[in-house]
$ cat entry_10.cif   # mmCIF, C-alpha atoms
data_data
loop_
_atom_site.group_PDB
_atom_site.id
_atom_site.type_symbol
_atom_site.label_atom_id
_atom_site.label_comp_id
_atom_site.auth_asym_id
_atom_site.auth_seq_id
_atom_site.Cartn_x
_atom_site.Cartn_y
_atom_site.Cartn_z
ATOM 1 C CA MET A 1 25.745 25.904 8.751
ATOM 2 C CA PRO A 2 25.949 22.655 6.768
ATOM 3 C CA LYS A 3 23.112 21.307 4.734
ATOM 4 C CA THR A 4 21.756 18.201 6.431
ATOM 5 C CA GLU A 5 19.732 16.599 3.704
ATOM 6 C CA GLU A 6 18.489 17.155 0.177
ATOM 7 C CA GLY A 7 15.930 15.729 -2.218
ATOM 8 C CA PRO A 8 14.331 16.528 -5.556
ATOM 9 C CA GLY A 9 14.084 20.321 -5.526
ATOM 10 C CA TRP A 10 14.841 20.946 -1.851
ATOM 11 C CA SER A 11 17.715 21.392 0.603
ATOM 12 C CA GLU A 12 17.363 21.260 4.380
ATOM 13 C CA TYR A 13 19.393 23.257 6.903
ATOM 14 C CA VAL A 14 19.666 23.023 10.696
ATOM 15 C CA LEU A 15 19.639 26.435 12.376
ATOM 16 C CA PRO A 16 20.409 26.500 16.130
ATOM 17 C CA ALA A 17 18.904 29.358 18.133
ATOM 18 C CA LEU A 18 17.868 30.432 21.599
ATOM 19 C CA ARG A 19 14.264 29.508 22.326
ATOM 20 C CA PRO A 20 12.317 32.745 21.858
ATOM 21 C CA THR A 21 9.888 34.102 24.384
ATOM 22 C CA ARG A 22 6.254 34.081 23.307
ATOM 23 C CA ALA A 23 6.474 37.809 22.585
ATOM 24 C CA MET A 24 9.525 37.280 20.348
ATOM 25 C CA ALA A 25 8.308 34.190 18.513
ATOM 26 C CA GLU A 26 7.016 35.979 15.408
ATOM 27 C CA ARG A 27 10.170 38.044 14.994
ATOM 28 C CA GLU A 28 12.344 34.971 15.540
ATOM 29 C CA LEU A 29 10.483 33.134 12.788
ATOM 30 C CA GLY A 30 11.413 35.962 10.409
ATOM 31 C CA PHE A 31 15.082 35.613 11.389
ATOM 32 C CA ILE A 32 14.966 31.857 10.829
ATOM 33 C CA VAL A 33 13.465 32.299 7.372
ATOM 34 C CA GLU A 34 16.194 34.814 6.453
ATOM 35 C CA ARG A 35 18.953 32.513 7.773
ATOM 36 C CA ALA A 36 17.548 29.621 5.752
ATOM 37 C CA VAL A 37 17.466 31.787 2.629
ATOM 38 C CA ALA A 38 21.051 32.962 3.239
ATOM 39 C CA ASN A 39 22.219 29.342 3.561
ATOM 40 C CA PHE A 40 20.384 28.417 0.402
ATOM 41 C CA LEU A 41 21.901 31.291 -1.598
ATOM 42 C CA ARG A 42 25.398 30.532 -0.310
ATOM 43 C CA GLU A 43 25.047 27.004 -1.596
ATOM 44 C CA HIS A 44 23.042 27.403 -4.810
ATOM 45 C CA SER A 45 23.808 30.890 -6.147
ATOM 46 C CA PRO A 46 24.299 31.871 -8.957
ATOM 47 C CA GLU A 47 22.458 28.891 -10.481
ATOM 48 C CA TYR A 48 19.413 29.622 -8.329
ATOM 49 C CA ARG A 49 18.360 32.992 -6.966
ATOM 50 C CA ARG A 50 16.041 34.306 -4.262
ATOM 51 C CA LYS A 51 13.082 34.314 -6.673
ATOM 52 C CA ASP A 52 13.565 30.565 -7.287
ATOM 53 C CA ILE A 53 12.687 29.680 -3.671
ATOM 54 C CA THR A 54 9.181 28.246 -3.840
ATOM 55 C CA GLY A 55 8.601 27.440 -0.177
ATOM 56 C CA ILE A 56 10.158 26.785 3.224
ATOM 57 C CA LEU A 57 9.006 24.141 5.701
ATOM 58 C CA ILE A 58 10.152 24.962 9.227
ATOM 59 C CA GLU A 59 10.254 22.485 12.083
ATOM 60 C CA GLU A 60 11.238 23.303 15.665
ATOM 61 C CA GLU A 61 13.216 20.816 17.771
ATOM 62 C CA PRO A 62 13.641 21.802 21.441
ATOM 63 C CA LEU A 63 17.121 20.905 22.725
ATOM 64 C CA GLY A 64 16.757 21.822 26.408
ATOM 65 C CA GLY A 65 18.663 24.512 28.229
ATOM 66 C CA GLY A 66 16.774 27.229 26.408
ATOM 67 C CA LEU A 67 18.042 26.130 23.001
ATOM 68 C CA VAL A 68 16.191 25.001 19.934
ATOM 69 C CA ASN A 69 17.136 23.647 16.507
ATOM 70 C CA TYR A 70 15.083 24.871 13.579
ATOM 71 C CA ARG A 71 15.067 22.556 10.565
ATOM 72 C CA ALA A 72 14.311 24.594 7.467
ATOM 73 C CA LYS A 73 13.615 22.713 4.244
ATOM 74 C CA VAL A 74 13.985 25.119 1.330
ATOM 75 C CA ALA A 75 12.201 24.078 -1.878
ATOM 76 C CA PHE A 76 13.326 25.551 -5.181
ATOM 77 C CA THR A 77 12.995 25.373 -8.928
ATOM 78 C CA LYS A 78 13.659 27.641 -11.893
ATOM 79 C CA VAL A 79 10.803 30.126 -11.557
ATOM 80 C CA GLU A 80 9.863 31.802 -14.832
ATOM 81 C CA GLU A 81 6.274 32.876 -14.047
ATOM 82 C CA GLU A 82 4.292 33.561 -10.877
ATOM 83 C CA GLN A 83 2.240 30.580 -9.787
ATOM 84 C CA VAL A 84 -1.524 30.861 -10.245
ATOM 85 C CA MET M 1 15.054 11.879 -9.448
ATOM 86 C CA SER M 2 13.842 15.098 -11.043
ATOM 87 C CA GLU M 3 11.460 17.390 -9.170
ATOM 88 C CA ILE M 4 9.464 17.722 -12.411
ATOM 89 C CA ARG M 5 6.624 15.187 -12.422
ATOM 90 C CA GLU M 6 3.006 14.747 -13.488
ATOM 91 C CA TYR M 7 1.807 15.917 -10.091
ATOM 92 C CA HIS M 8 -1.694 16.720 -11.316
ATOM 93 C CA THR M 9 -2.713 13.046 -11.495
ATOM 94 C CA MET M 10 -1.078 11.815 -8.291
ATOM 95 C CA PHE M 11 -4.123 12.435 -6.034
ATOM 96 C CA PRO M 12 -7.175 11.349 -8.059
ATOM 97 C CA ASP M 13 -9.254 10.735 -4.916
ATOM 98 C CA ILE M 14 -9.409 14.133 -3.175
ATOM 99 C CA SER M 15 -12.802 14.496 -1.483
ATOM 100 C CA ASN M 16 -15.581 16.174 -3.417
ATOM 101 C CA SER M 17 -16.191 18.483 -0.463
ATOM 102 C CA THR M 18 -12.646 19.805 -0.678
ATOM 103 C CA LEU M 19 -12.863 20.255 -4.448
ATOM 104 C CA GLU M 20 -16.149 22.091 -4.029
ATOM 105 C CA VAL M 21 -14.619 24.485 -1.490
ATOM 106 C CA ILE M 22 -11.848 25.273 -3.981
ATOM 107 C CA ARG M 23 -14.330 25.791 -6.846
ATOM 108 C CA HIS M 24 -16.484 28.046 -4.671
ATOM 109 C CA THR M 25 -13.474 30.121 -3.562
ATOM 110 C CA VAL M 26 -12.295 30.715 -7.126
ATOM 111 C CA THR M 27 -15.416 30.908 -9.266
ATOM 112 C CA GLU M 28 -18.086 32.267 -6.935
ATOM 113 C CA ARG M 29 -16.052 34.348 -4.523
ATOM 114 C CA GLY M 30 -13.542 35.466 -7.157
ATOM 115 C CA LEU M 31 -10.142 34.651 -5.664
ATOM 116 C CA TRP M 32 -8.345 35.786 -8.828
ATOM 117 C CA ARG M 33 -10.417 38.931 -9.275
ATOM 118 C CA VAL M 34 -10.187 40.562 -5.855
ATOM 119 C CA GLY M 35 -7.437 42.663 -4.317
ATOM 120 C CA LYS M 36 -4.654 41.260 -2.170
ATOM 121 C CA GLU M 37 -6.219 41.887 1.235
ATOM 122 C CA GLU M 38 -9.538 40.357 0.245
ATOM 123 C CA GLY M 39 -7.717 37.488 -1.460
ATOM 124 C CA PHE M 40 -5.930 36.649 1.785
ATOM 125 C CA ASP M 41 -9.279 36.710 3.597
ATOM 126 C CA LEU M 42 -10.715 34.317 1.009
ATOM 127 C CA ILE M 43 -7.785 31.939 1.518
ATOM 128 C CA ARG M 44 -8.329 32.095 5.296
ATOM 129 C CA ASP M 45 -11.960 31.229 4.734
ATOM 130 C CA MET M 46 -10.968 28.398 2.368
ATOM 131 C CA TYR M 47 -8.582 27.035 5.025
ATOM 132 C CA GLU M 48 -11.394 27.122 7.590
ATOM 133 C CA LYS M 49 -13.763 25.218 5.300
ATOM 134 C CA ILE M 50 -11.197 22.612 4.216
ATOM 135 C CA SER M 51 -10.179 22.142 7.862
ATOM 136 C CA SER M 52 -13.795 21.432 8.764
ATOM 137 C CA VAL M 53 -13.890 18.775 6.001
ATOM 138 C CA TYR M 54 -10.950 16.947 7.603
ATOM 139 C CA GLY M 55 -11.641 17.849 11.233
ATOM 140 C CA PHE M 56 -8.374 19.747 11.663
ATOM 141 C CA PRO M 57 -7.730 23.037 13.467
ATOM 142 C CA THR M 58 -7.401 25.903 10.997
ATOM 143 C CA PRO M 59 -3.835 27.161 10.451
ATOM 144 C CA SER M 60 -3.200 30.895 10.665
ATOM 145 C CA LEU M 61 -2.207 32.783 7.527
ATOM 146 C CA ILE M 62 -0.103 35.921 7.284
ATOM 147 C CA GLU M 63 1.348 37.906 4.414
ATOM 148 C CA ASP M 64 5.133 37.506 4.466
ATOM 149 C CA THR M 65 8.193 37.719 2.235
ATOM 150 C CA TYR M 66 8.388 34.005 1.493
ATOM 151 C CA GLU M 67 5.994 31.116 1.225
ATOM 152 C CA TYR M 68 6.315 28.831 4.273
ATOM 153 C CA TYR M 69 4.650 26.562 6.814
ATOM 154 C CA PHE M 70 5.859 26.745 10.412
ATOM 155 C CA ILE M 71 4.945 23.337 11.787
ATOM 156 C CA SER M 72 4.861 23.882 15.534
ATOM 157 C CA GLY M 73 3.068 27.213 15.245
ATOM 158 C CA GLU M 74 0.682 25.935 12.534
ATOM 159 C CA ARG M 75 1.312 29.169 10.684
ATOM 160 C CA ILE M 76 1.369 29.710 6.927
ATOM 161 C CA GLY M 77 3.117 32.633 5.245
ATOM 162 C CA LEU M 78 2.416 33.681 1.669
ATOM 163 C CA PRO M 79 3.850 36.620 -0.261
ATOM 164 C CA LYS M 80 0.869 36.888 -2.617
ATOM 165 C CA VAL M 81 -2.523 35.413 -3.417
ATOM 166 C CA SER M 82 -1.911 32.047 -5.105
ATOM 167 C CA LEU M 83 -4.346 29.148 -5.114
ATOM 168 C CA VAL M 84 -1.744 26.439 -5.729
ATOM 169 C CA SER M 85 0.745 27.861 -3.234
ATOM 170 C CA SER M 86 -1.932 28.213 -0.559
ATOM 171 C CA LEU M 87 -3.004 24.597 -1.103
ATOM 172 C CA HIS M 88 0.625 23.444 -1.081
ATOM 173 C CA GLU M 89 1.237 24.992 2.324
ATOM 174 C CA TYR M 90 -2.088 23.669 3.595
ATOM 175 C CA ARG M 91 -0.977 20.154 2.620
ATOM 176 C CA HIS M 92 2.010 20.570 4.952
ATOM 177 C CA HIS M 93 -0.535 21.285 7.687
ATOM 178 C CA MET M 94 -2.362 18.066 6.728
ATOM 179 C CA GLN M 95 0.958 16.206 6.909
ATOM 180 C CA LYS M 96 1.377 17.405 10.482
ATOM 181 C CA LYS M 97 -2.008 15.836 11.216
ATOM 182 C CA GLY M 98 -0.872 12.497 9.811
ATOM 183 C CA ARG M 99 -1.834 12.750 6.141
ATOM 184 C CA LEU M 100 1.150 11.701 4.024
ATOM 185 C CA ARG M 101 0.944 9.546 0.891
ATOM 186 C CA PHE M 102 4.368 10.104 -0.662
ATOM 187 C CA ARG M 103 7.488 9.744 1.475
ATOM 188 C CA ASP M 104 9.043 13.057 0.369
ATOM 189 C CA VAL M 105 6.920 15.774 2.004
ATOM 190 C CA GLU M 106 7.569 18.225 -0.827
ATOM 191 C CA VAL M 107 6.537 15.714 -3.487
ATOM 192 C CA ASP M 108 3.454 14.939 -1.392
ATOM 193 C CA ALA M 109 2.529 18.639 -1.049
ATOM 194 C CA ARG M 110 3.111 19.390 -4.736
ATOM 195 C CA ALA M 111 1.050 16.369 -5.738
ATOM 196 C CA TRP M 112 -1.897 17.187 -3.456
ATOM 197 C CA SER M 113 -2.066 20.895 -4.288
ATOM 198 C CA ILE M 114 -1.641 20.540 -8.059
ATOM 199 C CA SER M 115 -4.046 17.577 -8.201
ATOM 200 C CA ALA M 116 -6.616 19.546 -6.197
ATOM 201 C CA PHE M 117 -6.435 22.405 -8.705
ATOM 202 C CA HIS M 118 -6.617 19.970 -11.640
ATOM 203 C CA TYR M 119 -9.666 18.090 -10.382
ATOM 204 C CA ALA M 120 -11.505 21.134 -8.992
ATOM 205 C CA LEU M 121 -11.061 23.445 -11.985
ATOM 206 C CA PRO M 122 -9.872 21.417 -14.996
ATOM 207 C CA GLU M 123 -10.226 24.187 -17.580
ATOM 208 C CA ASP M 124 -8.470 26.784 -15.453
ATOM 209 C CA PHE M 125 -5.816 24.189 -14.677
ATOM 210 C CA ASP M 126 -5.136 23.542 -18.373
ATOM 211 C CA SER M 127 -4.978 27.240 -19.097
ATOM 212 C CA ALA M 128 -2.537 27.884 -16.250
ATOM 213 C CA TRP M 129 -0.376 24.891 -17.213
ATOM 214 C CA SER M 130 -0.190 26.028 -20.836
ATOM 215 C CA LYS M 131 1.066 29.431 -19.639
ATOM 216 C CA GLY M 132 3.706 27.893 -17.371
ATOM 217 C CA ARG M 133 1.960 29.218 -14.272
ATOM 218 C CA ILE M 134 2.126 25.997 -12.239
ATOM 219 C CA TRP M 135 5.560 25.201 -10.854
ATOM 220 C CA TYR M 136 7.117 21.733 -11.105
ATOM 221 C CA LEU M 137 4.989 20.434 -13.981
ATOM 222 C CA PRO M 138 6.560 19.222 -17.238
ATOM 223 C CA PRO M 139 5.998 21.329 -20.382
ATOM 224 C CA TYR M 140 2.373 21.526 -21.448
ATOM 225 C CA PRO M 141 1.598 18.742 -23.975
ATOM 226 C CA GLY M 142 1.615 20.071 -27.510
ATOM 227 C CA GLY M 143 3.521 23.200 -26.628
#

$ encode --input "entry_10.cif" --output "structure tokens"
Amino acid sequence: MPKTEEGPGWSEYVLPALRPTRAMAERELGFIVERAVANFLREHSPEYRRKDITGILIEEEPLGGGLVNYRAKVAFTKVEEEQV
Amino acid sequence: MSEIREYHTMFPDISNSTLEVIRHTVTERGLWRVGKEEGFDLIRDMYEKISSVYGFPTPSLIEDTYEYYFISGERIGLPKVSLVSSLHEYRHHMQKKGRLRFRDVEVDARAWSISAFHYALPEDFDSAWSKGRIWYLPPYPGG
């Protein structure tokens, strides 16, 4: 899935999915996070690794017809130490 | 534009009530001294208190593999107890409620969270900065 936008220390990806039922929402969020991470690693590895991801901002855009686009903005930097 | 900036001075006007909640959470309730489970409970309590300062609903917090904010669900995930990371994700919640000073939401969240730490606990902030334990800041002055 192509990157849609980028800025200082972040890349954003659009991740289409079926709208989850209420019972599946938590599990679906986990899948979305993993898909965003996979996209990030495909694009930025080996310069940046999984440990360099500092946060993910996830927005949900309903498309109708039971579909939804998740916009996942992955923030990253060279992480040397854990943040206090 | 680099992502490295002097974020700690970009929000000099954070409310005293918010800074006091942060101080109380760290120094009196011992955020950095307690175990993980209790630390997460302290962050939940901090979120509740800061939300009451601004009149926002309190976001939920869960332990998860990555650090994130899920906007529509108002849910925050954190992999570990971190004051700056928890404030960073809380700022995304504030952005959802209309608080945004800097156009780039990540710059805005870094600036608010790192400034909040700096102004609430200046000595702890300096110590953490000197050890490289605050992401996105330039090298500590003087090495």

$ resolve_selection --input "entry_10.cif" --expression "the PyMOL selection byres ((chain M) within 6 of (chain A))" --output "VMD selection string"
chain M and resid 2 to 3 67 to 71 82 133 to 134

$ axis_aligned_box --input "entry_10.cif" --around "stretch 11-23 of chain M" --padding-each-side "3 Å" --output "AutoDock Vina command-line options"
--center_x -10.2 --center_y 18.3 --center_z -4.3 --size_x 18.1 --size_y 21.1 --size_z 13.6

$ closest_residue --input "entry_10.cif" --among "M:Tyr136, M:Tyr54, M:Trp32, M:Tyr90" --to "M:Ala116" --atoms "all atoms listed in the file"
M:Tyr90

$ atom_distance --input "entry_10.cif" --atom1 "atom CA of A:Tyr13" --atom2 "atom CA of A:Arg71"
5.7 Å

$ resolve_selection --input "entry_10.cif" --expression "the PyMOL selection byres ((chain M and resi 109) around 9)" --output "list in words"
Leu87, His88, Glu89, Tyr90, Arg91, His92, Gln95, Leu100, Phe102, Asp104, Val105, Glu106, Val107, Asp108, Arg110, Ala111, Trp112, Ser113 and Ile114 of chain M

$ write_last_selection --input "entry_10.cif" --atoms "C-alpha atoms" --output "tab-separated table (two decimals), in the coordinates of the input"
chain	number	residue	atom	x	y	z
M	87	LEU	CA	-3.00	24.60	-1.10
M	88	HIS	CA	0.62	23.44	-1.08
M	89	GLU	CA	1.24	24.99	2.32
M	90	TYR	CA	-2.09	23.67	3.60
M	91	ARG	CA	-0.98	20.15	2.62
M	92	HIS	CA	2.01	20.57	4.95
M	95	GLN	CA	0.96	16.21	6.91
M	100	LEU	CA	1.15	11.70	4.02
M	102	PHE	CA	4.37	10.10	-0.66
M	104	ASP	CA	9.04	13.06	0.37
M	105	VAL	CA	6.92	15.77	2.00
M	106	GLU	CA	7.57	18.23	-0.83
M	107	VAL	CA	6.54	15.71	-3.49
M	108	ASP	CA	3.45	14.94	-1.39
M	110	ARG	CA	3.11	19.39	-4.74
M	111	ALA	CA	1.05	16.37	-5.74
M	112	TRP	CA	-1.90	17.19	-3.46
M	113	SER	CA	-2.07	20.90	-4.29
M	114	ILE	CA	-1.64	20.54	-8.06

$ atom_distance --input "entry_10.cif" --atom1 "atom CA of M:Val81" --atom2 "atom CA of M:Gly98"
26.5 Å

$ atom_distance --input "entry_10.cif" --atom1 "atom CA of A:Gly66" --atom2 "atom CA of A:Ala38"
24.2 Å

$ residues_near_point --input "entry_10.cif" --point "(-0.2, 22.6, -17.6)" --cutoff "10 Å" --atoms "all atoms listed in the file" --output "JSON, numbers by chain"
{"M": [6, 8, 114, 118, 124, 125, 126, 127, 128, 129, 130, 131, 132, 133, 134, 135, 136, 137, 138, 139, 140, 141, 143]}

$ build_atoms --input "entry_10.cif" --residues "stretch 100-111 of chain M" --atoms "all heavy atoms" --output "short mmCIF file (atom, residue, chain, number, x, y, z; two decimals), keeping the file's coordinate frame"
data_model
loop_
_atom_site.label_atom_id
_atom_site.label_comp_id
_atom_site.auth_asym_id
_atom_site.auth_seq_id
_atom_site.Cartn_x
_atom_site.Cartn_y
_atom_site.Cartn_z
N LEU M 100 -0.04 11.72 4.87
CA LEU M 100 1.15 11.70 4.02
C LEU M 100 1.08 10.47 3.14
O LEU M 100 1.07 9.35 3.63
CB LEU M 100 2.43 11.66 4.87
CG LEU M 100 3.75 11.71 4.10
CD1 LEU M 100 3.99 13.07 3.47
CD2 LEU M 100 4.92 11.36 5.03
N ARG M 101 1.03 10.69 1.82
CA ARG M 101 0.94 9.55 0.89
C ARG M 101 2.30 9.25 0.26
O ARG M 101 2.63 8.11 0.02
CB ARG M 101 -0.08 9.83 -0.19
CG ARG M 101 -0.30 8.66 -1.13
CD ARG M 101 -1.47 8.88 -2.05
NE ARG M 101 -2.73 9.01 -1.32
CZ ARG M 101 -3.91 9.23 -1.91
NH1 ARG M 101 -3.98 9.33 -3.23
NH2 ARG M 101 -5.00 9.35 -1.20
N PHE M 102 3.07 10.29 -0.03
CA PHE M 102 4.37 10.10 -0.66
C PHE M 102 5.45 10.46 0.35
O PHE M 102 5.34 11.45 1.06
CB PHE M 102 4.47 10.97 -1.92
CG PHE M 102 3.42 10.62 -2.95
CD1 PHE M 102 2.24 11.34 -3.03
CD2 PHE M 102 3.60 9.53 -3.80
CE1 PHE M 102 1.26 11.01 -3.96
CE2 PHE M 102 2.62 9.19 -4.72
CZ PHE M 102 1.45 9.92 -4.81
N ARG M 103 6.50 9.66 0.40
CA ARG M 103 7.49 9.74 1.48
C ARG M 103 8.13 11.13 1.56
O ARG M 103 8.35 11.66 2.65
CB ARG M 103 8.57 8.68 1.23
CG ARG M 103 9.53 8.49 2.38
CD ARG M 103 10.53 7.39 2.05
NE ARG M 103 11.26 7.67 0.83
CZ ARG M 103 12.34 8.43 0.76
NH1 ARG M 103 12.83 8.99 1.85
NH2 ARG M 103 12.96 8.64 -0.39
N ASP M 104 8.45 11.72 0.41
CA ASP M 104 9.04 13.06 0.37
C ASP M 104 7.92 14.08 0.59
O ASP M 104 6.99 14.18 -0.22
CB ASP M 104 9.71 13.25 -1.00
CG ASP M 104 10.43 14.59 -1.12
OD1 ASP M 104 9.85 15.62 -0.70
OD2 ASP M 104 11.56 14.62 -1.64
N VAL M 105 8.02 14.86 1.67
CA VAL M 105 6.92 15.77 2.00
C VAL M 105 6.69 16.84 0.94
O VAL M 105 5.57 17.33 0.77
CB VAL M 105 7.13 16.45 3.39
CG1 VAL M 105 7.05 15.42 4.50
CG2 VAL M 105 8.43 17.23 3.44
N GLU M 106 7.76 17.23 0.23
CA GLU M 106 7.57 18.23 -0.83
C GLU M 106 6.86 17.61 -2.03
O GLU M 106 5.97 18.24 -2.62
CB GLU M 106 8.91 18.84 -1.24
CG GLU M 106 9.50 19.80 -0.20
CD GLU M 106 8.55 20.95 0.13
OE1 GLU M 106 7.89 21.47 -0.79
OE2 GLU M 106 8.45 21.31 1.31
N VAL M 107 7.23 16.41 -2.40
CA VAL M 107 6.54 15.71 -3.49
C VAL M 107 5.06 15.54 -3.11
O VAL M 107 4.16 15.80 -3.92
CB VAL M 107 7.20 14.35 -3.77
CG1 VAL M 107 6.33 13.49 -4.69
CG2 VAL M 107 8.59 14.55 -4.39
N ASP M 108 4.83 15.15 -1.88
CA ASP M 108 3.45 14.94 -1.39
C ASP M 108 2.64 16.24 -1.46
O ASP M 108 1.49 16.25 -1.91
CB ASP M 108 3.52 14.43 0.05
CG ASP M 108 2.17 14.08 0.62
OD1 ASP M 108 1.68 12.96 0.37
OD2 ASP M 108 1.58 14.94 1.31
N ALA M 109 3.25 17.35 -1.05
CA ALA M 109 2.53 18.64 -1.05
C ALA M 109 2.31 19.16 -2.46
O ALA M 109 1.25 19.71 -2.77
CB ALA M 109 3.29 19.66 -0.21
N ARG M 110 3.31 18.97 -3.34
CA ARG M 110 3.11 19.39 -4.74
C ARG M 110 1.99 18.55 -5.36
O ARG M 110 1.12 19.08 -6.06
CB ARG M 110 4.39 19.18 -5.55
CG ARG M 110 5.51 20.13 -5.22
CD ARG M 110 6.80 19.72 -5.94
NE ARG M 110 7.97 20.22 -5.22
CZ ARG M 110 9.14 19.60 -5.18
NH1 ARG M 110 9.34 18.47 -5.83
NH2 ARG M 110 10.14 20.12 -4.49
N ALA M 111 2.03 17.27 -5.12
CA ALA M 111 1.05 16.37 -5.74
C ALA M 111 -0.37 16.70 -5.27
O ALA M 111 -1.30 16.76 -6.07
CB ALA M 111 1.40 14.92 -5.42
#
